[in-house]
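What follows is one structure encoded as structure tokens, with my remarks underneath.
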Amino acid sequence: MIVKIHKREDRTIVAVCDSDLVGRKFTDGDRQLDLTGEFYKGDERDDKEVGDLVRNADIVNLVGQKAVALGLQEEVITQDHVITIAGIPHAQAVVVHD
């Protein structure tokens with residue numbers, strides 16, 4: 001998976017995208033998933049490292065089967081968070097830390 005970490009003020013946003021989807025654009029009616037910009041262009045990371053990053057993020061943005069499955073596994077999202085655009089699962093969430 002490809003991971004890009006964004007720092008905004010005191011928040012960490014972690015964008016995770018399946019490797020084969022970065023650089024592509026998907027359209028489904030009036031909805032679009034544009035993965036061509038810098039927001040998703042990061043570094044390849046293994047599942048364990050991605051899991052640690054999403055658990056410790058303030059906001060997560062997950063695109064693709066693997067990324068969304070990892071978000072579900074790490075319990076930073078639920079199935080209710082997941083939408084599908086042109087067959088590609090996508091989820092965003094604010095992670096609440098105890």
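Order determines the names: the first chain of the structure tokens is A, the second B, and so forth; residues in each chain are numbered 1 upward, and ligands are numbered 1 upward as they are shown.
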Within 8 Å of stretch 20-42 of chain A: each stretch 46-92 of chain A residue with its shortest pair, only C-alpha atoms, as a Markdown table:
```
| residue | atom | partner | partner_atom | distance |
| --- | --- | --- | --- | --- |
| A:Gly64 | CA | A:Leu21 | CA | 7.3 |
| A:Ile85 | CA | A:Asp28 | CA | 5.7 |
| A:Ala86 | CA | A:Asp28 | CA | 5.0 |
```
Suppose we keep N, CA and C atoms; can you now write the selection as a PDB file, in the first residue's frame?
```pdb
ATOM      1  N   GLY A  64      -9.272   1.693  -1.709  1.00  0.00           N
ATOM      2  CA  GLY A  64      -8.933   0.386  -2.268  1.00  0.00           C
ATOM      3  C   GLY A  64      -9.290  -0.744  -1.322  1.00  0.00           C
ATOM      4  N   ILE A  85     -17.021   3.867  -5.168  1.00  0.00           N
ATOM      5  CA  ILE A  85     -17.082   4.703  -6.364  1.00  0.00           C
ATOM      6  C   ILE A  85     -16.450   3.911  -7.498  1.00  0.00           C
ATOM      7  N   ALA A  86     -17.241   3.615  -8.512  1.00  0.00           N
ATOM      8  CA  ALA A  86     -16.782   2.815  -9.662  1.00  0.00           C
ATOM      9  C   ALA A  86     -16.145   1.504  -9.205  1.00  0.00           C
TER      10      ALA A  86
END
```
Inset, instruction - Any chance you could list, as a PyMOL selection string, the residues in stretch 15-62 of chain A that come up strand (DSSP E) when DSSP is run on the backbone? - result: chain A and resi 15-17+25-28+31-34+43-44+59-62
Dump C-alpha atoms for the selected residues as a PDB file, in the first residue's frame?
```
ATOM      1  CA  ALA A  15      -3.823   8.773   3.301  1.00  0.00           C
ATOM      2  CA  VAL A  16      -3.580   5.093   2.358  1.00  0.00           C
ATOM      3  CA  CYS A  17      -4.189   3.795  -1.148  1.00  0.00           C
ATOM      4  CA  LYS A  25      -9.149   8.536 -11.699  1.00  0.00           C
ATOM      5  CA  PHE A  26     -12.526   6.816 -11.279  1.00  0.00           C
ATOM      6  CA  THR A  27     -15.931   8.255 -12.142  1.00  0.00           C
ATOM      7  CA  ASP A  28     -19.321   6.907 -11.132  1.00  0.00           C
ATOM      8  CA  ARG A  31     -19.039  11.093  -8.018  1.00  0.00           C
ATOM      9  CA  GLN A  32     -15.323  11.016  -8.738  1.00  0.00           C
ATOM     10  CA  LEU A  33     -12.339   9.491  -6.990  1.00  0.00           C
ATOM     11  CA  ASP A  34      -9.223  11.292  -8.218  1.00  0.00           C
ATOM     12  CA  ASP A  43       5.769   5.625  -0.055  1.00  0.00           C
ATOM     13  CA  GLU A  44       5.148   1.887  -0.192  1.00  0.00           C
ATOM     14  CA  ILE A  59      -7.797  11.498  10.350  1.00  0.00           C
ATOM     15  CA  VAL A  60      -7.585   8.584   7.915  1.00  0.00           C
ATOM     16  CA  ASN A  61      -8.393   8.465   4.227  1.00  0.00           C
ATOM     17  CA  LEU A  62      -8.434   4.923   2.805  1.00  0.00           C
TER      18      LEU A  62
END
```
Inset, instruction - DSSP on the backbone, then: every residue of chain A marked alpha helix (DSSP H), written as JSON, numbers by chain. - result: {"A": [47, 48, 49, 50, 51, 52, 53, 54, 55, 56, 65, 66, 67, 68, 69, 70, 71, 72, 73]}
Mind writing the picked residues with N, CA and C atoms as a PDB file, in the first residue's frame?
```pdb
ATOM      1  N   ASP A  47       1.968  -3.863   5.718  1.00  0.00           N
ATOM      2  CA  ASP A  47       0.704  -3.825   6.464  1.00  0.00           C
ATOM      3  C   ASP A  47       0.886  -3.440   7.924  1.00  0.00           C
ATOM      4  N   LYS A  48       1.924  -3.965   8.573  1.00  0.00           N
ATOM      5  CA  LYS A  48       2.136  -3.668   9.986  1.00  0.00           C
ATOM      6  C   LYS A  48       2.390  -2.179  10.191  1.00  0.00           C
ATOM      7  N   GLU A  49       3.248  -1.599   9.370  1.00  0.00           N
ATOM      8  CA  GLU A  49       3.553  -0.180   9.501  1.00  0.00           C
ATOM      9  C   GLU A  49       2.319   0.680   9.206  1.00  0.00           C
ATOM     10  N   VAL A  50       1.559   0.301   8.174  1.00  0.00           N
ATOM     11  CA  VAL A  50       0.343   1.045   7.841  1.00  0.00           C
ATOM     12  C   VAL A  50      -0.654   0.961   8.994  1.00  0.00           C
ATOM     13  N   GLY A  51      -0.790  -0.212   9.582  1.00  0.00           N
ATOM     14  CA  GLY A  51      -1.683  -0.373  10.733  1.00  0.00           C
ATOM     15  C   GLY A  51      -1.304   0.558  11.871  1.00  0.00           C
ATOM     16  N   ASP A  52      -0.009   0.637  12.180  1.00  0.00           N
ATOM     17  CA  ASP A  52       0.457   1.537  13.238  1.00  0.00           C
ATOM     18  C   ASP A  52       0.138   2.989  12.898  1.00  0.00           C
ATOM     19  N   LEU A  53       0.360   3.368  11.647  1.00  0.00           N
ATOM     20  CA  LEU A  53       0.116   4.751  11.229  1.00  0.00           C
ATOM     21  C   LEU A  53      -1.358   5.134  11.325  1.00  0.00           C
ATOM     22  N   VAL A  54      -2.251   4.254  10.850  1.00  0.00           N
ATOM     23  CA  VAL A  54      -3.673   4.609  10.879  1.00  0.00           C
ATOM     24  C   VAL A  54      -4.228   4.620  12.299  1.00  0.00           C
ATOM     25  N   ARG A  55      -3.734   3.733  13.145  1.00  0.00           N
ATOM     26  CA  ARG A  55      -4.192   3.721  14.545  1.00  0.00           C
ATOM     27  C   ARG A  55      -3.806   5.003  15.276  1.00  0.00           C
ATOM     28  N   ASN A  56      -2.678   5.584  14.907  1.00  0.00           N
ATOM     29  CA  ASN A  56      -2.169   6.766  15.589  1.00  0.00           C
ATOM     30  C   ASN A  56      -2.496   8.072  14.877  1.00  0.00           C
ATOM     31  N   GLN A  65      -9.370  -1.942  -1.867  1.00  0.00           N
ATOM     32  CA  GLN A  65      -9.750  -3.130  -1.095  1.00  0.00           C
ATOM     33  C   GLN A  65      -8.822  -3.360   0.097  1.00  0.00           C
ATOM     34  N   LYS A  66      -7.507  -3.357  -0.147  1.00  0.00           N
ATOM     35  CA  LYS A  66      -6.538  -3.641   0.918  1.00  0.00           C
ATOM     36  C   LYS A  66      -6.541  -2.555   1.983  1.00  0.00           C
ATOM     37  N   ALA A  67      -6.543  -1.298   1.550  1.00  0.00           N
ATOM     38  CA  ALA A  67      -6.507  -0.178   2.493  1.00  0.00           C
ATOM     39  C   ALA A  67      -7.745  -0.175   3.385  1.00  0.00           C
ATOM     40  N   VAL A  68      -8.915  -0.353   2.790  1.00  0.00           N
ATOM     41  CA  VAL A  68     -10.161  -0.354   3.559  1.00  0.00           C
ATOM     42  C   VAL A  68     -10.217  -1.573   4.486  1.00  0.00           C
ATOM     43  N   ALA A  69      -9.785  -2.728   4.000  1.00  0.00           N
ATOM     44  CA  ALA A  69      -9.762  -3.931   4.840  1.00  0.00           C
ATOM     45  C   ALA A  69      -8.855  -3.722   6.053  1.00  0.00           C
ATOM     46  N   LEU A  70      -7.724  -3.067   5.852  1.00  0.00           N
ATOM     47  CA  LEU A  70      -6.819  -2.792   6.961  1.00  0.00           C
ATOM     48  C   LEU A  70      -7.466  -1.820   7.952  1.00  0.00           C
ATOM     49  N   GLY A  71      -8.153  -0.801   7.458  1.00  0.00           N
ATOM     50  CA  GLY A  71      -8.858   0.135   8.330  1.00  0.00           C
ATOM     51  C   GLY A  71      -9.915  -0.555   9.172  1.00  0.00           C
ATOM     52  N   LEU A  72     -10.624  -1.507   8.575  1.00  0.00           N
ATOM     53  CA  LEU A  72     -11.617  -2.287   9.307  1.00  0.00           C
ATOM     54  C   LEU A  72     -10.942  -3.172  10.354  1.00  0.00           C
ATOM     55  N   GLN A  73      -9.854  -3.823   9.961  1.00  0.00           N
ATOM     56  CA  GLN A  73      -9.114  -4.706  10.865  1.00  0.00           C
ATOM     57  C   GLN A  73      -8.571  -3.927  12.065  1.00  0.00           C
TER      58      GLN A  73
END
```
Inset, instruction - For A:Asp58, please output as a ChimeraX atom specification all residues within 8 Å (counting only C-alpha atoms; exclusion window: fewer than 2 positions along the same chain). - result: /A:11-14,56,60,94-96
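Between atom CA of A:Asp10 and atom CA of A:Asp98 lies a distance of 16.6 Å.
Put simply, atom CA of A:Glu74 is 22.4 Å away from atom CA of A:Gly87.
Atom CA of A:Pro89 to atom CA of A:Val3 spans 16.3 Å [interatomic distance, one decimal].
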